[in-house]
Structures are given as structure tokens and as C-alpha cells.
Amino acid sequence: MVASAEVRVAWLEWLQTELVRITGEDSVAPDQEKQPHEHELGTLGVGLRRLYYLSQVMLQKSLRAKADAVTLRGEKQDGKVQESILLGNQAQLINANFWEACRHEFPQISEKENIGMRKGWVMVWWSDAEGFGAPPDASSADGSGDTDSGHGKVRPAPGSKRLH
């Protein structure tokens, strides 16, 4: 049990060190404009921006390792696959922490159906009736309202999350 506690402490120390070192968080800033049906909650602070940035960096590293694994064979390939899985898990963990920190920063989002980030790091929410998950449009071929993907759902913008 002591080793597990030491690993958790080491992970948290690594995370804290990485967050302090980040200076380019605006390079992953959302670029989508707030939509008329979206309601503004507030602007993300630097700490949340850095947490989001780190999740995106870890995801990109994971994808790179996965792509590299395709070109390798044997033990080297196995090592890259394991690296990709580890980095992907870390990205998911950091991303989950980001959204949980957003819930802490904006407690009112716990009552909202959907949340997202928009240009200028603005946190927004919308209801199913107003946007994502809106009632189907009978004019589309399959009645889904989605005329180009065939999946029957409106896709959320990057940096959005469906809560329910």
C-alpha cells in the first residue's frame, strides 16, 4: 500500500510541475464562436487553461506513439504500443480532472445538460432542446436532422461535453 501512495504522490508532483512550466496554453484555445443558443457561464482562468493544454499535449503524444508503433516490429513495437496506452490513459485522466475542475469553478454546470468552451476560453452551456441533441428535423433523409454524417446526431464542438 505504501508503494501505491508513493506513486500517487509522484504523479501529483509531476502534474504540478508540468502545469507550472506551461506557457503556451493559448495555442490550444478554442476558436469556435459562442452560438446564439449557448449561455455564457464565465471565462476559464489560467490554471484551467493549462490543465486543458496538458491534456491535449498528452493526447497528441499518445497518438504520435501509436502512429510510430505501426512502423516498428517486435519488442520495439510492443514498447511503443505500451507507451501510447500509458500516454492515452494520462491524457484521459488529465481531461477528466479538467472537467471536474470546471465543475468546481462553475458549480452551476452540474445542473446543465451540455457544457463547452468557446473562443476566448468562455465556458458555455445549452440544453438539448436548444442545440446538441435537438429534436430530429423531418426534412433530412433519415429524419435525424443530420444530412451529412448518417449517424443521426449533431456533433458537439471540440471542447464540449455532454453531461448526462
# chains A, B, ... in the order shown; residues from 1 in each chain; ligands from 1
$ select_by_dssp --residues "region 17-75 of chain A" --states "strand (DSSP E)" --output "number ranges by chain"
A: 39-43
$ write_last_selection --atoms "N, CA and C atoms" --output "PDB file, in the first residue's frame"
ATOM      1  N   HIS A  39     -25.391  29.656 -23.504  1.00  0.00           N
ATOM      2  CA  HIS A  39     -25.430  30.601 -22.393  1.00  0.00           C
ATOM      3  C   HIS A  39     -24.058  30.664 -21.736  1.00  0.00           C
ATOM      4  N   GLU A  40     -23.525  31.865 -21.582  1.00  0.00           N
ATOM      5  CA  GLU A  40     -22.188  32.056 -21.026  1.00  0.00           C
ATOM      6  C   GLU A  40     -22.187  31.874 -19.513  1.00  0.00           C
ATOM      7  N   LEU A  41     -21.193  31.124 -19.029  1.00  0.00           N
ATOM      8  CA  LEU A  41     -21.019  30.910 -17.593  1.00  0.00           C
ATOM      9  C   LEU A  41     -19.883  31.752 -17.027  1.00  0.00           C
ATOM     10  N   GLY A  42     -18.875  32.009 -17.818  1.00  0.00           N
ATOM     11  CA  GLY A  42     -17.708  32.745 -17.362  1.00  0.00           C
ATOM     12  C   GLY A  42     -16.494  32.348 -18.178  1.00  0.00           C
ATOM     13  N   THR A  43     -15.355  32.884 -17.807  1.00  0.00           N
ATOM     14  CA  THR A  43     -14.104  32.653 -18.526  1.00  0.00           C
ATOM     15  C   THR A  43     -13.179  31.791 -17.690  1.00  0.00           C
TER      16      THR A  43
END
$ residues_around --residues "Val20 (chain A)" --least-positions-apart "3" --cutoff "12 Å" --atoms "only C-alpha atoms" --output "list in words"
Glu13, Trp14, Leu15, Gln16, Thr17, Thr23, Gly24, Glu25, Val46, Gly47, Leu48, Arg49, Arg50, Leu51, Tyr53 and Leu54 of chain A
$ write_last_selection --atoms "N, CA and C atoms" --output "CSV table (one decimal), in the first residue's frame"
chain,number,residue,atom,x,y,z
A,13,GLU,N,3.0,15.3,-8.1
A,13,GLU,CA,4.2,16.2,-8.1
A,13,GLU,C,4.5,16.4,-9.6
A,14,TRP,N,4.5,15.4,-10.4
A,14,TRP,CA,4.8,15.5,-11.9
A,14,TRP,C,3.7,16.5,-12.5
A,15,LEU,N,2.5,16.3,-12.2
A,15,LEU,CA,1.4,17.1,-12.7
A,15,LEU,C,1.6,18.5,-12.3
A,16,GLN,N,1.8,18.8,-11.1
A,16,GLN,CA,2.0,20.1,-10.6
A,16,GLN,C,3.2,20.8,-11.3
A,17,THR,N,4.3,20.1,-11.4
A,17,THR,CA,5.5,20.6,-12.1
A,17,THR,C,5.2,21.0,-13.6
A,23,THR,N,3.5,27.5,-20.7
A,23,THR,CA,3.4,28.9,-21.0
A,23,THR,C,2.6,29.1,-22.3
A,24,GLY,N,2.3,28.0,-23.1
A,24,GLY,CA,1.7,28.1,-24.4
A,24,GLY,C,0.3,27.7,-24.4
A,25,GLU,N,-0.5,27.8,-23.3
A,25,GLU,CA,-1.8,27.3,-23.2
A,25,GLU,C,-2.8,27.9,-24.3
A,46,VAL,N,-6.3,30.9,-15.8
A,46,VAL,CA,-5.0,30.3,-16.4
A,46,VAL,C,-4.8,28.9,-15.9
A,47,GLY,N,-5.1,28.5,-14.7
A,47,GLY,CA,-4.9,27.2,-14.2
A,47,GLY,C,-5.7,26.2,-15.0
A,48,LEU,N,-7.0,26.4,-15.3
A,48,LEU,CA,-7.8,25.5,-16.1
A,48,LEU,C,-7.3,25.5,-17.5
A,49,ARG,N,-6.9,26.6,-18.0
A,49,ARG,CA,-6.4,26.6,-19.4
A,49,ARG,C,-5.1,25.7,-19.5
A,50,ARG,N,-4.3,25.8,-18.5
A,50,ARG,CA,-3.1,24.9,-18.5
A,50,ARG,C,-3.4,23.4,-18.4
A,51,LEU,N,-4.4,23.1,-17.6
A,51,LEU,CA,-4.8,21.7,-17.4
A,51,LEU,C,-5.4,21.2,-18.7
A,53,TYR,N,-4.6,22.4,-21.7
A,53,TYR,CA,-3.5,22.3,-22.6
A,53,TYR,C,-2.7,21.0,-22.4
A,54,LEU,N,-2.4,20.7,-21.2
A,54,LEU,CA,-1.7,19.5,-20.9
A,54,LEU,C,-2.4,18.2,-21.3
$ residues_around --residues "Val81 (chain A)" --least-positions-apart "2" --cutoff "10 Å" --atoms "only C-alpha atoms" --output "list of chain:residue names"
A:Ser62, A:Ala65, A:Lys66, A:Ala67, A:Asp68, A:Ala69, A:Val70, A:Leu72, A:Glu75, A:Lys76, A:Gln77, A:Asp78, A:Gly79, A:Glu83, A:Ser84, A:Ile85, A:Leu86, A:Leu87
$ closest_residue --among "A:Trp11, A:Leu44, A:His37, A:Glu18" --to "Ser127 (chain A)" --atoms "only C-alpha atoms"
A:His37
$ atom_distance --atom1 "CA of Pro30 (chain A)" --atom2 "CA of Arg118 (chain A)"
5.3 Å
$ atom_distance --atom1 "CA of Ser4 (chain A)" --atom2 "CA of Asn97 (chain A)"
19.5 Å
$ closest_residue --among "A:Ala91, A:Gly74, A:Met123, A:Pro36" --to "Pro107 (chain A)" --atoms "only C-alpha atoms"
A:Met123
$ atom_distance --atom1 "CA of Tyr52 (chain A)" --atom2 "CA of Ser110 (chain A)"
19.0 Å
$ closest_residue --among "A:Gly88, A:Glu38, A:His104, A:Ala29" --to "Ala129 (chain A)" --atoms "only C-alpha atoms"
A:Glu38
$ residues_around --residues "Asn89 (chain A)" --least-positions-apart "6" --cutoff "12 Å" --atoms "only C-alpha atoms" --output "count of residues only"
10
$ closest_residue --among "A:Arg21, A:Gln56, A:Ala10, A:Arg73" --to "Phe98 (chain A)" --atoms "only C-alpha atoms"
A:Gln56
$ decode --residues "region 5-21 of chain A" --atoms "N, CA and C atoms" --output "short mmCIF file (atom, residue, chain, number, x, y, z; two decimals), in the first residue's frame"
data_model
loop_
_atom_site.label_atom_id
_atom_site.label_comp_id
_atom_site.auth_asym_id
_atom_site.auth_seq_id
_atom_site.Cartn_x
_atom_site.Cartn_y
_atom_site.Cartn_z
N ALA A 5 0.76 4.66 -2.64
CA ALA A 5 0.69 6.06 -2.18
C ALA A 5 1.85 6.87 -2.74
N GLU A 6 3.03 6.26 -2.80
CA GLU A 6 4.20 6.94 -3.36
C GLU A 6 4.00 7.24 -4.84
N VAL A 7 3.39 6.31 -5.57
CA VAL A 7 3.13 6.52 -6.99
C VAL A 7 2.16 7.67 -7.17
N ARG A 8 1.10 7.71 -6.34
CA ARG A 8 0.13 8.81 -6.44
C ARG A 8 0.79 10.14 -6.15
N VAL A 9 1.65 10.20 -5.14
CA VAL A 9 2.33 11.44 -4.80
C VAL A 9 3.26 11.84 -5.95
N ALA A 10 3.98 10.88 -6.51
CA ALA A 10 4.88 11.18 -7.63
C ALA A 10 4.08 11.70 -8.83
N TRP A 11 2.93 11.10 -9.11
CA TRP A 11 2.08 11.55 -10.21
C TRP A 11 1.61 12.98 -9.97
N LEU A 12 1.16 13.28 -8.77
CA LEU A 12 0.68 14.63 -8.46
C LEU A 12 1.81 15.64 -8.51
N GLU A 13 3.00 15.26 -8.06
CA GLU A 13 4.15 16.16 -8.15
C GLU A 13 4.51 16.43 -9.60
N TRP A 14 4.49 15.37 -10.44
CA TRP A 14 4.76 15.54 -11.87
C TRP A 14 3.74 16.48 -12.49
N LEU A 15 2.46 16.25 -12.19
CA LEU A 15 1.38 17.07 -12.74
C LEU A 15 1.55 18.53 -12.34
N GLN A 16 1.83 18.77 -11.08
CA GLN A 16 2.01 20.14 -10.60
C GLN A 16 3.19 20.81 -11.29
N THR A 17 4.29 20.10 -11.44
CA THR A 17 5.48 20.64 -12.10
C THR A 17 5.17 20.99 -13.55
N GLU A 18 4.47 20.09 -14.25
CA GLU A 18 4.13 20.33 -15.65
C GLU A 18 3.22 21.54 -15.80
N LEU A 19 2.24 21.67 -14.92
CA LEU A 19 1.30 22.78 -15.01
C LEU A 19 1.99 24.13 -14.80
N VAL A 20 2.96 24.18 -13.91
CA VAL A 20 3.69 25.42 -13.64
C VAL A 20 4.56 25.80 -14.83
N ARG A 21 5.11 24.79 -15.53
CA ARG A 21 6.02 25.05 -16.65
C ARG A 21 5.31 25.51 -17.92
#
